[in-house]
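**Student:** Below is run01.cif; it holds mmCIF, C-alpha atoms and all ligand atoms.
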data_final
#
loop_
_atom_site.group_PDB
_atom_site.id
_atom_site.type_symbol
_atom_site.label_atom_id
_atom_site.label_comp_id
_atom_site.auth_asym_id
_atom_site.auth_seq_id
_atom_site.Cartn_x
_atom_site.Cartn_y
_atom_site.Cartn_z
ATOM 1 C CA MET A 1 44.399 37.105 35.406
ATOM 2 C CA LYS A 2 46.929 38.984 33.254
ATOM 3 C CA HIS A 3 48.735 42.078 34.479
ATOM 4 C CA LEU A 4 48.955 45.196 32.319
ATOM 5 C CA ALA A 5 51.079 48.315 32.639
ATOM 6 C CA VAL A 6 49.898 51.454 30.862
ATOM 7 C CA PHE A 7 52.386 54.226 30.077
ATOM 8 C CA ALA A 8 51.047 57.748 29.447
ATOM 9 C CA SER A 9 52.314 61.322 29.354
ATOM 10 C CA GLY A 10 49.139 63.399 29.204
ATOM 11 C CA THR A 11 45.370 63.248 29.472
ATOM 12 C CA GLY A 12 45.017 59.510 29.757
ATOM 13 C CA THR A 13 41.711 58.824 27.991
ATOM 14 C CA ASN A 14 43.139 55.571 26.601
ATOM 15 C CA PHE A 15 44.444 54.654 30.053
ATOM 16 C CA VAL A 16 40.929 55.193 31.472
ATOM 17 C CA ALA A 17 39.337 53.125 28.675
ATOM 18 C CA ILE A 18 41.712 50.216 29.348
ATOM 19 C CA ALA A 19 41.352 50.452 33.127
ATOM 20 C CA LYS A 20 37.536 50.588 32.874
ATOM 21 C CA ALA A 21 37.514 47.559 30.566
ATOM 22 C CA CYS A 22 39.514 45.678 33.217
ATOM 23 C CA GLN A 23 37.299 46.814 36.059
ATOM 24 C CA SER A 24 34.098 45.901 34.192
ATOM 25 C CA GLY A 25 35.401 42.450 33.297
ATOM 26 C CA GLN A 26 35.479 43.177 29.557
ATOM 27 C CA LEU A 27 39.195 42.406 29.806
ATOM 28 C CA ASP A 28 40.331 39.497 31.962
ATOM 29 C CA ALA A 29 43.214 41.620 33.208
ATOM 30 C CA ARG A 30 44.194 44.199 35.772
ATOM 31 C CA VAL A 31 46.110 47.442 35.257
ATOM 32 C CA ALA A 32 48.779 46.754 37.865
ATOM 33 C CA LEU A 33 50.764 49.924 37.154
ATOM 34 C CA MET A 34 50.444 53.258 35.378
ATOM 35 C CA VAL A 35 53.764 54.846 34.415
ATOM 36 C CA CYS A 36 53.935 58.569 33.677
ATOM 37 C CA ASP A 37 56.968 60.633 32.664
ATOM 38 C CA CYS A 38 55.239 64.013 33.192
ATOM 39 C CA PRO A 39 54.645 65.058 36.804
ATOM 40 C CA GLY A 40 51.403 67.059 36.833
ATOM 41 C CA ALA A 41 49.825 65.257 33.861
ATOM 42 C CA PRO A 42 46.045 64.714 34.241
ATOM 43 C CA VAL A 43 46.456 60.931 33.850
ATOM 44 C CA ILE A 44 47.995 60.815 37.345
ATOM 45 C CA ASP A 45 44.746 61.977 38.961
ATOM 46 C CA ARG A 46 42.741 59.582 36.774
ATOM 47 C CA ALA A 47 44.845 56.664 38.062
ATOM 48 C CA ALA A 48 44.445 57.773 41.675
ATOM 49 C CA GLU A 49 40.657 58.095 41.246
ATOM 50 C CA MET A 50 40.530 54.546 39.878
ATOM 51 C CA GLY A 51 42.713 53.143 42.660
ATOM 52 C CA ILE A 52 45.534 52.225 40.294
ATOM 53 C CA GLU A 53 49.136 52.430 41.438
ATOM 54 C CA SER A 54 51.342 54.912 39.578
ATOM 55 C CA PHE A 55 55.016 55.451 39.046
ATOM 56 C CA VAL A 56 55.541 59.095 38.130
ATOM 57 C CA PHE A 57 59.028 60.285 37.278
ATOM 58 C CA SER A 58 60.827 63.180 35.698
ATOM 59 C CA PRO A 59 63.447 62.078 33.135
ATOM 60 C CA LYS A 60 65.627 65.047 34.056
ATOM 61 C CA ASP A 61 66.151 63.521 37.508
ATOM 62 C CA TYR A 62 68.141 60.698 35.880
ATOM 63 C CA LEU A 63 71.480 60.861 34.089
ATOM 64 C CA THR A 64 70.407 58.628 31.206
ATOM 65 C CA LYS A 65 67.344 56.906 29.741
ATOM 66 C CA ALA A 66 68.874 53.583 30.776
ATOM 67 C CA ASP A 67 68.830 54.762 34.401
ATOM 68 C CA PHE A 68 65.106 55.506 34.567
ATOM 69 C CA GLU A 69 64.226 52.515 32.413
ATOM 70 C CA ALA A 70 66.105 50.249 34.842
ATOM 71 C CA VAL A 71 63.835 51.525 37.618
ATOM 72 C CA ILE A 72 60.770 50.936 35.443
ATOM 73 C CA VAL A 73 61.879 47.384 34.537
ATOM 74 C CA LYS A 74 62.305 46.561 38.232
ATOM 75 C CA LEU A 75 58.736 47.736 38.921
ATOM 76 C CA LEU A 76 57.323 45.843 35.921
ATOM 77 C CA ASP A 77 59.098 42.687 37.114
ATOM 78 C CA GLU A 78 57.753 43.131 40.641
ATOM 79 C CA LYS A 79 54.207 43.493 39.286
ATOM 80 C CA LYS A 80 54.687 40.501 36.935
ATOM 81 C CA ILE A 81 53.536 42.540 33.927
ATOM 82 C CA ASP A 82 52.417 40.501 30.917
ATOM 83 C CA LEU A 83 51.834 43.372 28.491
ATOM 84 C CA VAL A 84 52.973 47.002 28.407
ATOM 85 C CA CYS A 85 50.541 49.342 26.630
ATOM 86 C CA LEU A 86 51.891 52.737 25.588
ATOM 87 C CA ALA A 87 48.969 55.155 25.498
ATOM 88 C CA GLY A 88 50.189 58.623 24.636
ATOM 89 C CA TYR A 89 53.638 57.967 26.155
ATOM 90 C CA MET A 90 55.530 60.594 24.180
ATOM 91 C CA ARG A 91 58.981 59.105 24.456
ATOM 92 C CA ILE A 92 60.983 56.629 22.393
ATOM 93 C CA VAL A 93 61.478 53.443 24.374
ATOM 94 C CA GLY A 94 65.161 52.660 24.961
ATOM 95 C CA GLY A 95 67.155 49.438 24.846
ATOM 96 C CA THR A 96 66.936 48.715 28.561
ATOM 97 C CA LEU A 97 63.149 48.451 28.536
ATOM 98 C CA LEU A 98 62.944 46.944 25.038
ATOM 99 C CA ARG A 99 65.351 44.119 25.844
ATOM 100 C CA ALA A 100 63.673 43.309 29.160
ATOM 101 C CA TYR A 101 60.138 43.304 27.689
ATOM 102 C CA GLU A 102 60.822 42.253 24.115
ATOM 103 C CA GLY A 103 57.629 41.271 22.302
ATOM 104 C CA LYS A 104 55.522 42.588 25.163
ATOM 105 C CA ILE A 105 55.245 46.327 24.388
ATOM 106 C CA ILE A 106 52.541 47.826 22.155
ATOM 107 C CA ASN A 107 51.674 51.408 21.189
ATOM 108 C CA ILE A 108 48.695 53.276 19.788
ATOM 109 C CA HIS A 109 49.208 56.039 17.261
ATOM 110 C CA PRO A 110 46.662 58.408 15.677
ATOM 111 C CA SER A 111 47.495 57.825 12.011
ATOM 112 C CA LEU A 112 47.608 55.057 9.454
ATOM 113 C CA LEU A 113 51.278 54.162 9.947
ATOM 114 C CA PRO A 114 53.761 54.323 8.374
ATOM 115 C CA ALA A 115 52.274 57.702 7.388
ATOM 116 C CA PHE A 116 52.500 60.621 9.822
ATOM 117 C CA LYS A 117 54.765 59.432 12.613
ATOM 118 C CA GLY A 118 55.551 61.660 15.567
ATOM 119 C CA ALA A 119 53.837 63.825 18.130
ATOM 120 C CA HIS A 120 51.697 65.865 15.689
ATOM 121 C CA ALA A 121 50.310 63.129 13.472
ATOM 122 C CA VAL A 122 46.784 64.497 13.199
ATOM 123 C CA GLU A 123 47.875 68.095 12.625
ATOM 124 C CA ASP A 124 50.389 66.937 9.985
ATOM 125 C CA ALA A 125 47.761 64.824 8.228
ATOM 126 C CA VAL A 126 45.243 67.715 8.172
ATOM 127 C CA ALA A 127 47.915 70.060 6.791
ATOM 128 C CA TYR A 128 48.610 67.489 4.072
ATOM 129 C CA GLY A 129 44.939 67.441 3.061
ATOM 130 C CA VAL A 130 44.359 63.801 3.972
ATOM 131 C CA LYS A 131 40.810 62.490 3.330
ATOM 132 C CA VAL A 132 41.110 59.123 5.090
ATOM 133 C CA TYR A 133 42.499 59.125 8.636
ATOM 134 C CA GLY A 134 43.115 56.267 10.978
ATOM 135 C CA ILE A 135 44.477 54.653 14.094
ATOM 136 C CA THR A 136 47.291 52.111 14.335
ATOM 137 C CA ILE A 137 48.306 49.726 17.097
ATOM 138 C CA HIS A 138 51.767 48.256 16.666
ATOM 139 C CA TRP A 139 54.569 46.405 18.406
ATOM 140 C CA VAL A 140 57.197 48.773 19.745
ATOM 141 C CA ASN A 141 60.794 48.797 18.553
ATOM 142 C CA ASP A 142 63.579 51.373 18.853
ATOM 143 C CA GLN A 143 62.153 53.585 16.078
ATOM 144 C CA LEU A 144 59.663 56.400 16.569
ATOM 145 C CA ASP A 145 56.209 54.870 15.930
ATOM 146 C CA GLY A 146 57.994 51.915 14.305
ATOM 147 C CA GLY A 147 57.400 48.183 14.711
ATOM 148 C CA LYS A 148 55.113 45.628 13.109
ATOM 149 C CA ILE A 149 51.460 46.644 12.801
ATOM 150 C CA ILE A 150 48.902 44.679 14.834
ATOM 151 C CA ALA A 151 45.662 46.517 14.047
ATOM 152 C CA GLN A 152 44.459 49.520 12.076
ATOM 153 C CA ARG A 153 41.172 51.283 11.605
ATOM 154 C CA ALA A 154 40.480 53.971 9.019
ATOM 155 C CA PHE A 155 37.805 56.664 8.939
ATOM 156 C CA PRO A 156 36.912 59.292 6.346
ATOM 157 C CA TYR A 157 37.055 62.996 7.152
ATOM 158 C CA GLU A 158 36.969 65.718 4.526
ATOM 159 C CA GLY A 159 37.161 68.792 6.779
ATOM 160 C CA SER A 160 40.155 70.704 8.097
ATOM 161 C CA ASP A 161 39.689 70.794 11.883
ATOM 162 C CA PRO A 162 42.343 68.775 13.765
ATOM 163 C CA ALA A 163 40.230 68.883 16.955
ATOM 164 C CA GLU A 164 37.387 67.129 15.128
ATOM 165 C CA VAL A 165 39.779 64.445 13.826
ATOM 166 C CA HIS A 166 41.082 63.941 17.379
ATOM 167 C CA ARG A 167 37.498 63.604 18.665
ATOM 168 C CA ILE A 168 36.524 61.013 16.070
ATOM 169 C CA GLY A 169 39.855 59.204 16.365
ATOM 170 C CA GLN A 170 39.870 58.948 20.140
ATOM 171 C CA LYS A 171 36.506 57.160 20.241
ATOM 172 C CA ILE A 172 37.934 54.630 17.796
ATOM 173 C CA GLU A 173 41.191 54.395 19.780
ATOM 174 C CA HIS A 174 39.443 53.453 23.010
ATOM 175 C CA GLU A 175 37.482 50.652 21.381
ATOM 176 C CA LEU A 176 40.316 49.384 19.172
ATOM 177 C CA TYR A 177 42.872 49.378 21.998
ATOM 178 C CA VAL A 178 40.659 47.337 24.330
ATOM 179 C CA GLN A 179 39.744 44.906 21.533
ATOM 180 C CA THR A 180 43.381 44.465 20.481
ATOM 181 C CA ILE A 181 44.579 43.899 24.057
ATOM 182 C CA LYS A 182 41.832 41.320 24.493
ATOM 183 C CA GLU A 183 42.990 39.434 21.404
ATOM 184 C CA LEU A 184 46.667 39.595 22.381
ATOM 185 C CA LEU A 185 45.959 38.346 25.905
ATOM 186 C CA CYS A 186 44.002 35.390 24.503
ATOM 187 C CA GLU A 187 47.066 34.385 22.473
ATOM 188 C CA ARG A 188 49.336 34.384 25.533
HETATM 189 C C1 LIG A 201 46.396 59.331 21.645
HETATM 190 O O1 LIG A 201 45.622 59.905 20.632
HETATM 191 C C2 LIG A 201 47.515 58.500 21.051
HETATM 192 O O2 LIG A 201 47.168 57.918 19.832
HETATM 193 C C3 LIG A 201 48.603 59.526 20.883
HETATM 194 O O3 LIG A 201 48.511 60.312 22.042
HETATM 195 C C4 LIG A 201 47.145 60.411 22.420
HETATM 196 C C5 LIG A 201 47.034 60.221 23.914
HETATM 197 O O4 LIG A 201 45.734 60.481 24.327
HETATM 198 N N1 LIG A 201 49.895 58.910 20.752
HETATM 199 C C6 LIG A 201 50.842 59.355 19.935
HETATM 200 O O5 LIG A 201 50.733 60.366 19.274
HETATM 201 C C7 LIG A 201 52.102 58.486 19.896
HETATM 202 N N2 LIG A 201 52.993 58.932 18.914
HETATM 203 P P1 LIG A 201 45.247 60.078 25.787
HETATM 204 O O6 LIG A 201 46.295 60.622 26.777
HETATM 205 O O7 LIG A 201 43.940 60.783 25.952
HETATM 206 O O8 LIG A 201 45.126 58.594 25.850
#
I'd like the structure from this file rewritten - as structure tokens, please.

**Tutor:**
Amino acid sequence: MKHLAVFASGTGTNFVAIAKACQSGQLDARVALMVCDCPGAPVIDRAAEMGIESFVFSPKDYLTKADFEAVIVKLLDEKKIDLVCLAGYMRIVGGTLLRAYEGKIINIHPSLLPAFKGAHAVEDAVAYGVKVYGITIHWVNDQLDGGKIIAQRAFPYEGSDPAEVHRIGQKIEHELYVQTIKELLCER
């Protein structure tokens, strides 16, 4: 059975979708660790409720990104993590983690990359008047929402309510992320 780590900073609906898929047997994997850089984020309670171990840290407690990433790498090594899934982890991954887990880190983003990178992708797309939205899953590199694309799904929306786009998009995210992880694990 493969070991996953899920990194999140906020609500954690993607984390829950992945963890449930593991627990139901849809994925032949186990979420061995949830990593969160925001003490107090709702995802921490979700992990506890599902019996999944967490590492919660505050970046300001470390001098540099390399310092906290070294701690994370040690934990990932201990848990023998096969794939790291960023799910709303609102931080650019640094060299320490990238080098240690090269080719093993993926991210989900709520736009059709390379359009609308960043933390406000949906709001930016609505402001731009976009008519076709989408979700992207990609390999992670040292660029914000950069890296080769693995999977994308588009959906039409002609309105102007970002909350509605988030609602539609998140349903797609949960399904697409589980499906993509399944395919990647089969290739390993
Ligand atoms: C997701 O919509 C994900 O695509 C987005 O954060 C949300 C987290 O939701 N990620 C980014 O914007 C990355 N740049 P969740 O905490 O409910 O899974």

**Student:** Residues at most 6 Å from ligand LIG 201 (chain A), using only C-alpha atoms and all ligand atoms? Could they come as a list in words?

**Tutor:** Gly10, Thr11, Gly12, Thr13, Asn14, Phe15, Ala87, Gly88, Met90, Ile108, His109, Pro110, Gly118, Ala119, Asp145 and Gln170 of chain A

**Student:** Starting from the PyMOL selection byres (((chain A and resi 22) around 12) and not hetatm), expand the selection into actual residues of this file and give them as a PyMOL selection string.

**Tutor:** chain A and resi 1-5+15-21+23-32+50+52+178-179+181-182

**Student:** For a quick check of understanding, using all atoms listed in the file, which of A:Ala48, A:Val122, A:Val6, A:Leu112 has the smallest distance to Ile135 (chain A)?

**Tutor:**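 For Ile135 (chain A), the nearest of the given residues is A:Leu112.
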
**Student:** Using CA of Thr136 (chain A) and CA of Leu185 (chain A) as the two end points, give the distance in Å to one decimal.

**Tutor:**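 Computed distance, CA of Thr136 (chain A) to CA of Leu185 (chain A), equals 18.0 Å.
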
**Student:** Choose the residue, out of A:Ile150, A:Ile137, A:Glu183, A:Gly129, that has the smallest atom-to-atom separation from Pro162 (chain A); count only C-alpha atoms.

**Tutor:**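 The closest residue to Pro162 (chain A) is A:Gly129.
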
**Student:** Which is closest to Leu113 (chain A) among A:Gly147, A:Gly94, A:Gly169, A:Pro42, if we use only C-alpha atoms?

**Tutor:**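 Using only C-alpha atoms, the shortest distance to Leu113 (chain A) belongs to A:Gly147.
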
**Student:** Measuring between only C-alpha atoms, which one of A:Val73, A:Cys36, A:Ala154, A:Ala66 shows the shortest distance to Tyr89 (chain A)?

**Tutor:**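 Closest to Tyr89 (chain A) of all the choices is A:Cys36.
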
**Student:** Between A:Tyr133, A:Tyr128, A:Phe68, A:Trp139, single out the one closest to Glu102 (chain A), counting all atoms listed in the file.

**Tutor:**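 Smallest separation from Glu102 (chain A) among the options: A:Trp139.
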
**Student:** Rank nothing, just name the residue among A:Phe55, A:His120, A:Thr96, A:Leu83 nearest to Asp67 (chain A), using only C-alpha atoms.

**Tutor:**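 The answer is A:Thr96, which sits nearest to Asp67 (chain A).
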
**Student:** Residues picked by the PyMOL selection byres (((chain A and resi 141) around 10) and not hetatm) here, as a tab-separated table (two decimals) with C-alpha atoms, in the coordinates of the input?

**Tutor:**
chain	number	residue	atom	x	y	z
A	92	ILE	CA	60.98	56.63	22.39
A	93	VAL	CA	61.48	53.44	24.37
A	94	GLY	CA	65.16	52.66	24.96
A	95	GLY	CA	67.16	49.44	24.85
A	98	LEU	CA	62.94	46.94	25.04
A	99	ARG	CA	65.35	44.12	25.84
A	102	GLU	CA	60.82	42.25	24.12
A	103	GLY	CA	57.63	41.27	22.30
A	105	ILE	CA	55.24	46.33	24.39
A	106	ILE	CA	52.54	47.83	22.16
A	107	ASN	CA	51.67	51.41	21.19
A	138	HIS	CA	51.77	48.26	16.67
A	139	TRP	CA	54.57	46.40	18.41
A	140	VAL	CA	57.20	48.77	19.74
A	142	ASP	CA	63.58	51.37	18.85
A	143	GLN	CA	62.15	53.58	16.08
A	144	LEU	CA	59.66	56.40	16.57
A	145	ASP	CA	56.21	54.87	15.93
A	146	GLY	CA	57.99	51.92	14.30
A	147	GLY	CA	57.40	48.18	14.71
A	148	LYS	CA	55.11	45.63	13.11

**Student:** What does the distance from CA of Ala100 (chain A) to CA of Leu76 (chain A) come to in Å, to one decimal?

**Tutor:**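 Result for CA of Ala100 (chain A) versus CA of Leu76 (chain A): 9.6 Å, one decimal.
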
**Student:** Specify as a list in words each residue included when the PyMOL selection byres (((chain A and resi 132) around 7) and not hetatm) is applied to this file.

**Tutor:**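 Taken on the displayed file, the PyMOL selection byres (((chain A and resi 132) around 7) and not hetatm) yields the residues Val130, Lys131, Tyr133, Gly134, Ala154, Phe155, Pro156 and Tyr157 of chain A.
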
**Student:** Which distance in Å separates CA of Ser111 (chain A) and CA of Asp82 (chain A), to one decimal?

**Tutor:**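 Separation of CA of Ser111 (chain A) and CA of Asp82 (chain A): 26.1 Å.
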
**Student:** As JSON, please: the centre and edge lengths in Å, to one decimal, of an axis-aligned box enclosing every listed atom of region 63-67 of chain A with 3 Å added on each side.

**Tutor:**
{"center_x": 69.4, "center_y": 57.2, "center_z": 32.1, "size_x": 10.1, "size_y": 13.3, "size_z": 10.7}
